[in-house]
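Raw start.cif, mmCIF, C-alpha atoms and all ligand atoms:
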```cif
data_protein
loop_
_atom_site.group_PDB
_atom_site.id
_atom_site.type_symbol
_atom_site.label_atom_id
_atom_site.label_comp_id
_atom_site.auth_asym_id
_atom_site.auth_seq_id
_atom_site.Cartn_x
_atom_site.Cartn_y
_atom_site.Cartn_z
ATOM 1 C CA MET S 1 23.880 9.755 8.371
ATOM 2 C CA ASN S 2 24.028 10.368 4.639
ATOM 3 C CA PRO S 3 21.058 12.192 3.038
ATOM 4 C CA VAL S 4 19.459 8.970 1.727
ATOM 5 C CA LEU S 5 19.506 7.378 5.195
ATOM 6 C CA GLU S 6 18.317 10.631 6.721
ATOM 7 C CA THR S 7 15.310 10.585 4.372
ATOM 8 C CA ILE S 8 14.505 6.959 5.208
ATOM 9 C CA HIS S 9 14.845 7.407 8.968
ATOM 10 C CA GLN S 10 13.050 10.732 9.320
ATOM 11 C CA ARG S 11 10.064 9.852 7.171
ATOM 12 C CA LYS S 12 6.624 9.589 8.727
ATOM 13 C CA SER S 13 3.179 9.214 7.197
ATOM 14 C CA VAL S 14 1.561 12.540 6.361
ATOM 15 C CA ARG S 15 -2.226 12.795 6.543
ATOM 16 C CA ALA S 16 -2.727 16.581 6.449
ATOM 17 C CA TYR S 17 -1.420 18.717 3.626
ATOM 18 C CA GLU S 18 -0.667 22.330 2.911
ATOM 19 C CA ASP S 19 -3.070 23.828 0.410
ATOM 20 C CA LYS S 20 -0.425 23.740 -2.289
ATOM 21 C CA PRO S 21 -0.229 21.558 -5.413
ATOM 22 C CA VAL S 22 2.645 19.211 -6.126
ATOM 23 C CA PRO S 23 4.314 20.918 -9.116
ATOM 24 C CA GLU S 24 4.360 19.044 -12.391
ATOM 25 C CA GLU S 25 8.149 18.662 -12.367
ATOM 26 C CA VAL S 26 8.103 17.195 -8.831
ATOM 27 C CA ARG S 27 5.281 14.809 -9.815
ATOM 28 C CA ASP S 28 7.353 13.748 -12.828
ATOM 29 C CA VAL S 29 10.377 12.962 -10.659
ATOM 30 C CA ILE S 30 8.186 10.938 -8.266
ATOM 31 C CA LEU S 31 6.807 8.881 -11.154
ATOM 32 C CA LYS S 32 10.149 8.467 -12.892
ATOM 33 C CA SER S 33 11.683 7.311 -9.608
ATOM 34 C CA ALA S 34 8.895 4.770 -9.084
ATOM 35 C CA MET S 35 9.626 3.406 -12.531
ATOM 36 C CA ARG S 36 13.327 2.974 -11.671
ATOM 37 C CA ALA S 37 12.391 0.530 -8.884
ATOM 38 C CA PRO S 38 13.635 -3.036 -9.259
ATOM 39 C CA THR S 39 11.084 -5.145 -11.110
ATOM 40 C CA ALA S 40 10.776 -8.902 -11.556
ATOM 41 C CA GLY S 41 12.376 -9.944 -14.863
ATOM 42 C CA ASN S 42 12.448 -6.243 -15.817
ATOM 43 C CA MET S 43 8.800 -6.752 -16.803
ATOM 44 C CA MET S 44 7.252 -3.835 -14.857
ATOM 45 C CA LEU S 45 4.291 -5.886 -13.700
ATOM 46 C CA TYR S 46 2.417 -2.839 -12.450
ATOM 47 C CA SER S 47 0.539 0.203 -13.631
ATOM 48 C CA ILE S 48 0.006 3.487 -11.863
ATOM 49 C CA ILE S 49 -3.266 5.395 -12.005
ATOM 50 C CA GLU S 50 -3.009 9.057 -11.102
ATOM 51 C CA VAL S 51 -6.352 10.112 -9.672
ATOM 52 C CA SER S 52 -6.729 13.796 -10.494
ATOM 53 C CA ASP S 53 -10.519 13.882 -10.775
ATOM 54 C CA GLN S 54 -11.896 15.428 -7.560
ATOM 55 C CA GLU S 55 -15.120 13.430 -7.724
ATOM 56 C CA ALA S 56 -13.150 10.207 -7.901
ATOM 57 C CA LYS S 57 -11.058 11.302 -4.908
ATOM 58 C CA ASN S 58 -14.243 12.072 -2.974
ATOM 59 C CA LYS S 59 -15.567 8.632 -3.816
ATOM 60 C CA LEU S 60 -12.287 7.034 -2.675
ATOM 61 C CA VAL S 61 -12.783 8.655 0.736
ATOM 62 C CA GLU S 62 -15.934 6.542 1.092
ATOM 63 C CA THR S 63 -14.718 3.340 -0.506
ATOM 64 C CA CYS S 64 -11.458 3.390 1.475
ATOM 65 C CA ASP S 65 -12.947 3.330 4.979
ATOM 66 C CA ASN S 66 -13.986 6.996 5.204
ATOM 67 C CA GLN S 67 -10.609 8.694 5.280
ATOM 68 C CA PRO S 68 -11.318 12.361 4.389
ATOM 69 C CA PHE S 69 -7.673 13.326 3.825
ATOM 70 C CA ILE S 70 -7.693 11.323 0.570
ATOM 71 C CA ALA S 71 -9.871 14.064 -0.958
ATOM 72 C CA GLU S 72 -7.444 16.746 0.244
ATOM 73 C CA ALA S 73 -4.287 15.160 -1.145
ATOM 74 C CA PRO S 74 -2.951 17.049 -4.184
ATOM 75 C CA LEU S 75 -1.449 13.887 -5.677
ATOM 76 C CA VAL S 76 -3.072 10.461 -5.415
ATOM 77 C CA LEU S 77 -1.543 7.393 -7.049
ATOM 78 C CA ILE S 78 -3.013 3.900 -7.207
ATOM 79 C CA PHE S 79 -0.513 1.112 -7.829
ATOM 80 C CA LEU S 80 -1.963 -1.856 -9.681
ATOM 81 C CA ALA S 81 -0.526 -5.320 -9.949
ATOM 82 C CA ASP S 82 -0.720 -5.661 -13.714
ATOM 83 C CA TYR S 83 -0.316 -8.787 -15.834
ATOM 84 C CA GLN S 84 -2.890 -7.507 -18.342
ATOM 85 C CA ARG S 85 -0.320 -5.619 -20.412
ATOM 86 C CA TRP S 86 1.906 -8.692 -20.787
ATOM 87 C CA TYR S 87 -1.042 -10.997 -21.381
ATOM 88 C CA ASP S 88 -2.378 -8.705 -24.118
ATOM 89 C CA TYR S 89 1.107 -8.574 -25.624
ATOM 90 C CA PHE S 90 1.357 -12.379 -25.532
ATOM 91 C CA MET S 91 -1.918 -12.435 -27.472
ATOM 92 C CA VAL S 92 -0.803 -9.947 -30.137
ATOM 93 C CA SER S 93 2.511 -11.811 -30.371
ATOM 94 C CA GLY S 94 0.732 -14.969 -31.503
ATOM 95 C CA VAL S 95 1.276 -17.002 -28.313
ATOM 96 C CA GLU S 96 -2.215 -18.519 -28.518
ATOM 97 C CA GLN S 97 -1.664 -19.747 -32.079
ATOM 98 C CA PHE S 98 1.859 -20.925 -31.185
ATOM 99 C CA CYS S 99 0.473 -23.051 -28.324
ATOM 100 C CA GLU S 100 -2.266 -24.440 -30.537
ATOM 101 C CA GLU S 101 0.216 -25.438 -33.255
ATOM 102 C CA LYS S 102 2.500 -27.087 -30.698
ATOM 103 C CA GLY S 103 -0.465 -28.790 -29.032
ATOM 104 C CA ILE S 104 0.285 -27.249 -25.642
ATOM 105 C CA LEU S 105 -2.016 -25.450 -23.231
ATOM 106 C CA MET S 106 -1.643 -21.676 -23.166
ATOM 107 C CA VAL S 107 -0.826 -20.658 -19.598
ATOM 108 C CA LYS S 108 -2.865 -17.839 -18.062
ATOM 109 C CA PRO S 109 -1.869 -15.635 -15.102
ATOM 110 C CA GLU S 110 -2.410 -17.468 -11.815
ATOM 111 C CA GLU S 111 -2.023 -16.591 -8.131
ATOM 112 C CA GLY S 112 1.782 -16.847 -8.287
ATOM 113 C CA ASP S 113 1.894 -14.270 -11.062
ATOM 114 C CA LEU S 114 -0.343 -12.003 -8.999
ATOM 115 C CA PHE S 115 1.989 -12.274 -5.984
ATOM 116 C CA LEU S 116 4.962 -11.357 -8.139
ATOM 117 C CA ALA S 117 3.096 -8.400 -9.656
ATOM 118 C CA CYS S 118 2.125 -7.299 -6.112
ATOM 119 C CA CYS S 119 5.829 -7.257 -5.196
ATOM 120 C CA ASP S 120 6.535 -5.069 -8.220
ATOM 121 C CA ALA S 121 3.677 -2.671 -7.458
ATOM 122 C CA LEU S 122 4.656 -2.260 -3.798
ATOM 123 C CA ILE S 123 8.347 -1.751 -4.494
ATOM 124 C CA ALA S 124 7.485 0.915 -7.077
ATOM 125 C CA ALA S 125 5.137 2.585 -4.578
ATOM 126 C CA GLN S 126 7.705 2.719 -1.795
ATOM 127 C CA THR S 127 10.317 4.037 -4.214
ATOM 128 C CA ALA S 128 7.886 6.842 -5.104
ATOM 129 C CA VAL S 129 7.386 7.512 -1.392
ATOM 130 C CA ILE S 130 11.106 7.893 -0.704
ATOM 131 C CA ALA S 131 11.659 10.023 -3.815
ATOM 132 C CA ALA S 132 8.810 12.303 -2.725
ATOM 133 C CA GLU S 133 10.121 12.513 0.835
ATOM 134 C CA SER S 134 13.551 13.546 -0.439
ATOM 135 C CA MET S 135 11.869 16.536 -2.129
ATOM 136 C CA GLY S 136 9.849 17.523 0.958
ATOM 137 C CA VAL S 137 6.618 15.880 -0.245
ATOM 138 C CA GLY S 138 4.940 13.786 2.443
ATOM 139 C CA SER S 139 2.919 10.657 1.780
ATOM 140 C CA CYS S 140 0.579 8.094 3.255
ATOM 141 C CA PHE S 141 -0.193 4.582 2.041
ATOM 142 C CA ILE S 142 -3.860 3.652 1.886
ATOM 143 C CA GLY S 143 -4.261 -0.090 2.305
ATOM 144 C CA ASP S 144 -8.043 0.259 2.189
ATOM 145 C CA ILE S 145 -7.838 0.428 -1.603
ATOM 146 C CA LEU S 146 -8.017 -3.375 -1.277
ATOM 147 C CA GLU S 147 -11.647 -2.947 -0.205
ATOM 148 C CA ASN S 148 -14.630 -2.546 -2.526
ATOM 149 C CA TYR S 149 -12.841 -4.124 -5.485
ATOM 150 C CA GLU S 150 -15.952 -4.164 -7.670
ATOM 151 C CA ILE S 151 -16.486 -0.404 -7.244
ATOM 152 C CA HIS S 152 -12.830 0.401 -7.958
ATOM 153 C CA ARG S 153 -12.849 -1.933 -10.982
ATOM 154 C CA GLU S 154 -15.746 0.066 -12.402
ATOM 155 C CA MET S 155 -14.328 3.488 -11.428
ATOM 156 C CA PHE S 156 -10.959 2.890 -13.076
ATOM 157 C CA ALA S 157 -12.042 0.549 -15.908
ATOM 158 C CA LEU S 158 -9.806 -2.248 -14.646
ATOM 159 C CA PRO S 159 -9.462 -5.350 -16.813
ATOM 160 C CA GLN S 160 -9.203 -8.884 -15.382
ATOM 161 C CA TYR S 161 -5.442 -8.906 -14.775
ATOM 162 C CA ALA S 162 -4.934 -5.390 -13.368
ATOM 163 C CA VAL S 163 -5.937 -5.004 -9.710
ATOM 164 C CA PRO S 164 -5.332 -2.330 -7.039
ATOM 165 C CA ILE S 165 -2.683 -3.242 -4.471
ATOM 166 C CA CYS S 166 -2.016 0.032 -2.734
ATOM 167 C CA MET S 167 -2.758 3.718 -2.982
ATOM 168 C CA VAL S 168 -0.492 6.548 -1.890
ATOM 169 C CA CYS S 169 -1.578 10.117 -1.076
ATOM 170 C CA PHE S 170 1.104 12.770 -1.529
ATOM 171 C CA GLY S 171 1.285 16.416 -0.480
ATOM 172 C CA TYR S 172 3.334 18.973 1.380
ATOM 173 C CA PRO S 173 2.993 18.329 5.125
ATOM 174 C CA SER S 174 1.051 20.792 7.256
ATOM 175 C CA LYS S 175 2.976 22.491 10.096
ATOM 176 C CA GLU S 176 1.457 20.102 12.682
ATOM 177 C CA GLN S 177 2.458 17.091 10.611
ATOM 178 C CA LYS S 178 6.007 18.400 10.261
ATOM 179 C CA GLU S 179 6.271 18.793 14.011
ATOM 180 C CA ARG S 180 4.653 15.464 14.883
ATOM 181 C CA GLU S 181 6.902 12.835 16.497
ATOM 182 C CA ARG S 182 7.876 9.834 14.419
ATOM 183 C CA THR S 183 6.120 6.576 15.345
ATOM 184 C CA GLU S 184 8.121 3.940 17.221
ATOM 185 C CA ARG S 185 9.044 0.554 15.821
ATOM 186 C CA PHE S 186 9.440 -2.845 17.512
ATOM 187 C CA GLY S 187 12.978 -3.833 18.484
ATOM 188 C CA GLU S 188 15.195 -5.548 15.926
ATOM 189 C CA GLU S 189 15.507 -8.662 18.131
ATOM 190 C CA PHE S 190 11.795 -9.394 17.543
ATOM 191 C CA ILE S 191 11.794 -8.781 13.808
ATOM 192 C CA VAL S 192 15.137 -9.935 12.407
ATOM 193 C CA PHE S 193 16.100 -13.600 12.737
ATOM 194 C CA LYS S 194 19.275 -15.405 11.738
ATOM 195 C CA ASN S 195 18.843 -18.320 9.364
ATOM 196 C CA ARG S 196 15.483 -19.558 10.684
ATOM 197 C CA TYR S 197 12.174 -18.332 12.009
ATOM 198 C CA ARG S 198 11.568 -18.324 15.756
ATOM 199 C CA ASN S 199 8.215 -18.021 17.548
ATOM 200 C CA LEU S 200 8.348 -15.528 20.386
ATOM 201 C CA GLY S 201 7.562 -16.464 23.988
ATOM 202 C CA ASP S 202 5.466 -14.722 26.652
ATOM 203 C CA ASP S 203 8.328 -12.748 28.188
ATOM 204 C CA GLU S 204 9.517 -11.552 24.798
ATOM 205 C CA PHE S 205 5.999 -10.417 23.912
ATOM 206 C CA LYS S 206 5.846 -8.471 27.154
ATOM 207 C CA GLU S 207 9.061 -6.696 26.262
ATOM 208 C CA MET S 208 8.164 -6.251 22.613
ATOM 209 C CA TYR S 209 4.778 -4.668 23.262
ATOM 210 C CA ALA S 210 5.704 -2.659 26.391
ATOM 211 C CA GLY S 211 6.127 0.614 24.485
ATOM 212 C CA MET S 212 3.003 0.104 22.400
ATOM 213 C CA HIS S 213 1.027 -0.830 25.518
ATOM 214 C CA GLU S 214 2.119 2.396 27.157
ATOM 215 C CA ARG S 215 1.192 4.532 24.129
ATOM 216 C CA ILE S 216 -2.122 2.865 23.305
ATOM 217 C CA MET S 217 -3.388 2.603 26.874
ATOM 218 C CA ALA S 218 -2.273 6.119 27.792
ATOM 219 C CA GLY S 219 -3.669 7.601 24.595
ATOM 220 C CA SER S 220 -7.222 6.249 24.834
ATOM 221 C CA ALA S 221 -9.960 5.667 27.381
ATOM 222 C CA GLU S 222 -9.846 2.436 29.356
ATOM 223 C CA ILE S 223 -11.933 -0.391 27.920
ATOM 224 C CA SER S 224 -12.548 -2.889 30.700
ATOM 225 C CA ASP S 225 -12.717 -6.033 28.559
ATOM 226 C CA GLN S 226 -9.662 -5.044 26.457
ATOM 227 C CA PRO S 227 -6.843 -4.580 28.973
ATOM 228 C CA ASN S 228 -3.955 -5.297 26.571
ATOM 229 C CA VAL S 229 -2.670 -4.377 23.109
ATOM 230 C CA GLY S 230 -3.512 -7.786 21.642
ATOM 231 C CA LEU S 231 -7.199 -7.471 22.527
ATOM 232 C CA ARG S 232 -7.342 -3.811 21.509
ATOM 233 C CA MET S 233 -5.736 -4.432 18.126
ATOM 234 C CA TYR S 234 -7.819 -7.544 17.486
ATOM 235 C CA LYS S 235 -10.982 -5.535 18.125
ATOM 236 C CA ARG S 236 -9.944 -2.254 16.500
ATOM 237 C CA LYS S 237 -8.086 -3.580 13.456
ATOM 238 C CA PHE S 238 -8.025 -7.328 12.788
ATOM 239 C CA SER S 239 -11.740 -8.005 13.283
ATOM 240 C CA ALA S 240 -13.000 -4.508 12.437
ATOM 241 C CA ASP S 241 -15.605 -3.963 9.701
ATOM 242 C CA TYR S 242 -12.993 -2.668 7.252
ATOM 243 C CA ALA S 243 -10.900 -5.830 7.688
ATOM 244 C CA VAL S 244 -13.947 -8.000 7.037
ATOM 245 C CA GLU S 245 -14.647 -6.000 3.861
ATOM 246 C CA MET S 246 -11.005 -6.221 2.809
ATOM 247 C CA ARG S 247 -11.063 -10.018 3.079
ATOM 248 C CA ARG S 248 -14.261 -10.213 1.058
ATOM 249 C CA SER S 249 -12.902 -7.846 -1.570
ATOM 250 C CA VAL S 250 -9.529 -9.617 -1.892
ATOM 251 C CA ARG S 251 -11.399 -12.898 -2.330
ATOM 252 C CA ALA S 252 -13.266 -11.225 -5.232
ATOM 253 C CA ILE S 253 -9.921 -10.043 -6.678
ATOM 254 C CA LEU S 254 -8.555 -13.589 -6.518
ATOM 255 C CA ASP S 255 -11.709 -15.102 -7.973
ATOM 256 C CA GLY S 256 -11.674 -12.577 -10.840
ATOM 257 C CA TRP S 257 -7.958 -13.124 -11.519
ATOM 258 C CA THR S 258 -8.279 -16.905 -11.679
ATOM 259 C CA ALA S 259 -11.665 -17.061 -13.436
HETATM 260 C C1 LIG S 301 0.224 -1.323 3.399
HETATM 261 C C2 LIG S 301 -0.063 -0.092 4.208
HETATM 262 C C3 LIG S 301 -1.374 0.348 4.318
HETATM 263 C C4 LIG S 301 -1.666 1.509 5.051
HETATM 264 N N1 LIG S 301 -2.943 1.974 5.065
HETATM 265 C C5 LIG S 301 -3.221 3.134 5.702
HETATM 266 C C6 LIG S 301 -4.529 3.705 5.639
HETATM 267 O O1 LIG S 301 -5.430 3.165 4.999
HETATM 268 N N2 LIG S 301 -4.735 4.869 6.288
HETATM 269 C C7 LIG S 301 -3.752 5.514 6.981
HETATM 270 O O2 LIG S 301 -4.025 6.583 7.544
HETATM 271 N N3 LIG S 301 -2.495 5.001 7.054
HETATM 272 C C8 LIG S 301 -2.205 3.841 6.425
HETATM 273 N N4 LIG S 301 -0.925 3.348 6.432
HETATM 274 C C9 LIG S 301 0.145 4.069 7.149
HETATM 275 C C10 LIG S 301 0.481 3.373 8.453
HETATM 276 O O3 LIG S 301 -0.550 3.563 9.366
HETATM 277 C C11 LIG S 301 1.806 3.950 8.972
HETATM 278 O O4 LIG S 301 2.839 3.646 8.041
HETATM 279 C C12 LIG S 301 2.181 3.367 10.323
HETATM 280 O O5 LIG S 301 1.247 3.750 11.309
HETATM 281 C C13 LIG S 301 3.581 3.812 10.771
HETATM 282 O O6 LIG S 301 3.642 5.214 10.823
HETATM 283 P P1 LIG S 301 4.703 6.044 9.966
HETATM 284 O O7 LIG S 301 4.519 5.708 8.516
HETATM 285 O O8 LIG S 301 4.379 7.491 10.262
HETATM 286 O O9 LIG S 301 6.066 5.670 10.456
HETATM 287 C C14 LIG S 301 -0.619 2.199 5.723
HETATM 288 C C15 LIG S 301 0.692 1.740 5.589
HETATM 289 C C16 LIG S 301 0.970 0.617 4.833
HETATM 290 C C17 LIG S 301 2.394 0.176 4.680
#
```

Kindly transcribe the structure held in the file into structure tokens.
Amino acid sequence: MNPVLETIHQRKSVRAYEDKPVPEEVRDVILKSAMRAPTAGNMMLYSIIEVSDQEAKNKLVETCDNQPFIAEAPLVLIFLADYQRWYDYFMVSGVEQFCEEKGILMVKPEEGDLFLACCDALIAAQTAVIAAESMGVGSCFIGDILENYEIHREMFALPQYAVPICMVCFGYPSKEQKERERTERFGEEFIVFKNRYRNLGDDEFKEMYAGMHERIMAGSAEISDQPNVGLRMYKRKFSADYAVEMRRSVRAILDGWTA
């Protein structure tokens, strides 16, 4: 494997860090790499907030489903889907007046624009992750930044068209994290389809989830009314309190964006 593939294949999420800062020059390379990511129309429809304030990190522990390692991470980046910068630029460029003179309605960012900006933000984030990994800096995505939108909007002074999509914690992995096994993935036959989508059948599900069943059931106490991975994951993830809050919060993001 070449070094790029090695980096991609060996990477695992890191949730415990050495007590060692990420040097300025390494941080700069991470950010510069993120900004080299492909971006729709070369518009860079994202912004990155570096959270260096310890109090803000402590607060993020709470607002992102009580994950204490967020406060310990030496580098924390929030990736925003951002149409605000372009919209503001349209305004200073006279687009409003132009539309008025031509008698046409000025278009505002809608859900489609948000989806595109989300793509940009996530691609930039993953590019940062791989750049960091290649320099020995571990990382972990925090999806829970989608929760508590109103609190995050206030904390980071977010305008209408700039919303958090993901957060990434970075830091040098602790010894235990370095030694930890990589997580498994589902087989390619269940994930990659040729030319058209295909729903999976019972037997395929059995095969697909066999490894996960083994790991989850072996790694936790038996719960009599949740004898399979589907029930466990539904209970522990899909219908958990944090997922309910995430749905509420994302609804608020959408309502704010389209207001
Ligand atoms: C969108 C997204 C959100 C995630 N959110 C969290 C999170 O809030 N907390 C966490 O500990 N890990 C989070 N992760 C990391 C996943 O749990 C991790 O990638 C997955 O278990 C596979 O493990 P690996 O990255 O070590 O291969 C997230 C990953 C992604 C892509």

Distance table requested - chain S against ligand LIG 301 (chain S), cut-off 6 Å, only C-alpha atoms and all ligand atoms: one row per qualifying residue with the closest atom pair and its distance in Å to one decimal, ordered by chain and rising residue number, as CSV.
```
residue,atom,partner,partner_atom,distance
S:Lys12,CA,S:LIG301,O8,3.4
S:Ser13,CA,S:LIG301,O8,3.7
S:Cys140,CA,S:LIG301,C9,5.6
S:Phe141,CA,S:LIG301,C14,4.4
S:Ile142,CA,S:LIG301,O1,3.5
S:Gly143,CA,S:LIG301,C3,3.5
S:Asp144,CA,S:LIG301,O1,4.8
S:Arg182,CA,S:LIG301,O8,5.9
S:Thr183,CA,S:LIG301,O9,5.0
```

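Counting from CA of Lys59 (chain S), the distance to CA of Phe156 (chain S) is 11.8 Å.
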
Gap from CA of Pro3 (chain S) to CA of Glu133 (chain S) - Å, one decimal: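 We find that CA of Pro3 (chain S) and CA of Glu133 (chain S) lie 11.2 Å from each other.
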
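With CA of Leu80 (chain S) on one side and CA of Leu158 (chain S) on the other, the separation reads 9.3 Å.
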
Option closest in space to Tyr149 (chain S), from S:Met212, S:Ala128, S:Ile48, S:Val163 [counting all atoms listed in the file]: S:Val163

What would region 81-108 of chain S look like with N, CA and C atoms restored, written as a short mmCIF file (atom, residue, chain, number, x, y, z; two decimals), keeping the file's coordinate frame?
```cif
data_model
loop_
_atom_site.label_atom_id
_atom_site.label_comp_id
_atom_site.auth_asym_id
_atom_site.auth_seq_id
_atom_site.Cartn_x
_atom_site.Cartn_y
_atom_site.Cartn_z
N ALA S 81 -1.26 -4.15 -9.46
CA ALA S 81 -0.53 -5.32 -9.95
C ALA S 81 -1.09 -5.57 -11.34
N ASP S 82 -0.22 -5.64 -12.33
CA ASP S 82 -0.72 -5.66 -13.71
C ASP S 82 -0.03 -6.73 -14.55
N TYR S 83 -0.78 -7.81 -14.85
CA TYR S 83 -0.32 -8.79 -15.83
C TYR S 83 -1.07 -8.61 -17.15
N GLN S 84 -2.05 -7.68 -17.15
CA GLN S 84 -2.89 -7.51 -18.34
C GLN S 84 -2.04 -7.10 -19.55
N ARG S 85 -1.12 -6.14 -19.30
CA ARG S 85 -0.32 -5.62 -20.41
C ARG S 85 0.49 -6.74 -21.06
N TRP S 86 1.12 -7.59 -20.23
CA TRP S 86 1.91 -8.69 -20.79
C TRP S 86 1.01 -9.72 -21.47
N TYR S 87 -0.15 -9.99 -20.81
CA TYR S 87 -1.04 -11.00 -21.38
C TYR S 87 -1.55 -10.53 -22.75
N ASP S 88 -1.93 -9.26 -22.83
CA ASP S 88 -2.38 -8.70 -24.12
C ASP S 88 -1.26 -8.78 -25.16
N TYR S 89 -0.04 -8.53 -24.70
CA TYR S 89 1.11 -8.57 -25.62
C TYR S 89 1.38 -10.02 -26.08
N PHE S 90 1.22 -10.97 -25.14
CA PHE S 90 1.36 -12.38 -25.53
C PHE S 90 0.36 -12.68 -26.65
N MET S 91 -0.87 -12.17 -26.48
CA MET S 91 -1.92 -12.44 -27.47
C MET S 91 -1.55 -11.84 -28.83
N VAL S 92 -1.13 -10.55 -28.83
CA VAL S 92 -0.80 -9.95 -30.14
C VAL S 92 0.49 -10.53 -30.72
N SER S 93 1.26 -11.21 -29.88
CA SER S 93 2.51 -11.81 -30.37
C SER S 93 2.29 -13.21 -30.94
N GLY S 94 1.05 -13.67 -30.91
CA GLY S 94 0.73 -14.97 -31.50
C GLY S 94 0.97 -16.14 -30.58
N VAL S 95 1.01 -15.90 -29.25
CA VAL S 95 1.28 -17.00 -28.31
C VAL S 95 0.17 -18.06 -28.37
N GLU S 96 -1.09 -17.58 -28.51
CA GLU S 96 -2.22 -18.52 -28.52
C GLU S 96 -2.08 -19.50 -29.69
N GLN S 97 -1.80 -18.93 -30.86
CA GLN S 97 -1.66 -19.75 -32.08
C GLN S 97 -0.45 -20.69 -31.95
N PHE S 98 0.63 -20.15 -31.41
CA PHE S 98 1.86 -20.92 -31.18
C PHE S 98 1.55 -22.16 -30.33
N CYS S 99 0.80 -21.94 -29.23
CA CYS S 99 0.47 -23.05 -28.32
C CYS S 99 -0.41 -24.08 -29.03
N GLU S 100 -1.35 -23.55 -29.81
CA GLU S 100 -2.27 -24.44 -30.54
C GLU S 100 -1.48 -25.33 -31.49
N GLU S 101 -0.59 -24.69 -32.27
CA GLU S 101 0.22 -25.44 -33.26
C GLU S 101 1.09 -26.49 -32.59
N LYS S 102 1.61 -26.15 -31.40
CA LYS S 102 2.50 -27.09 -30.70
C LYS S 102 1.71 -28.11 -29.88
N GLY S 103 0.38 -27.88 -29.81
CA GLY S 103 -0.46 -28.79 -29.03
C GLY S 103 -0.24 -28.66 -27.54
N ILE S 104 0.09 -27.46 -27.09
CA ILE S 104 0.28 -27.25 -25.64
C ILE S 104 -0.74 -26.23 -25.14
N LEU S 105 -1.03 -26.34 -23.84
CA LEU S 105 -2.02 -25.45 -23.23
C LEU S 105 -1.41 -24.06 -23.02
N MET S 106 -2.15 -23.03 -23.43
CA MET S 106 -1.64 -21.68 -23.17
C MET S 106 -1.86 -21.34 -21.69
N VAL S 107 -0.77 -20.97 -21.03
CA VAL S 107 -0.83 -20.66 -19.60
C VAL S 107 -1.43 -19.27 -19.42
N LYS S 108 -2.29 -19.14 -18.40
CA LYS S 108 -2.86 -17.84 -18.06
C LYS S 108 -2.30 -17.40 -16.73
#
```
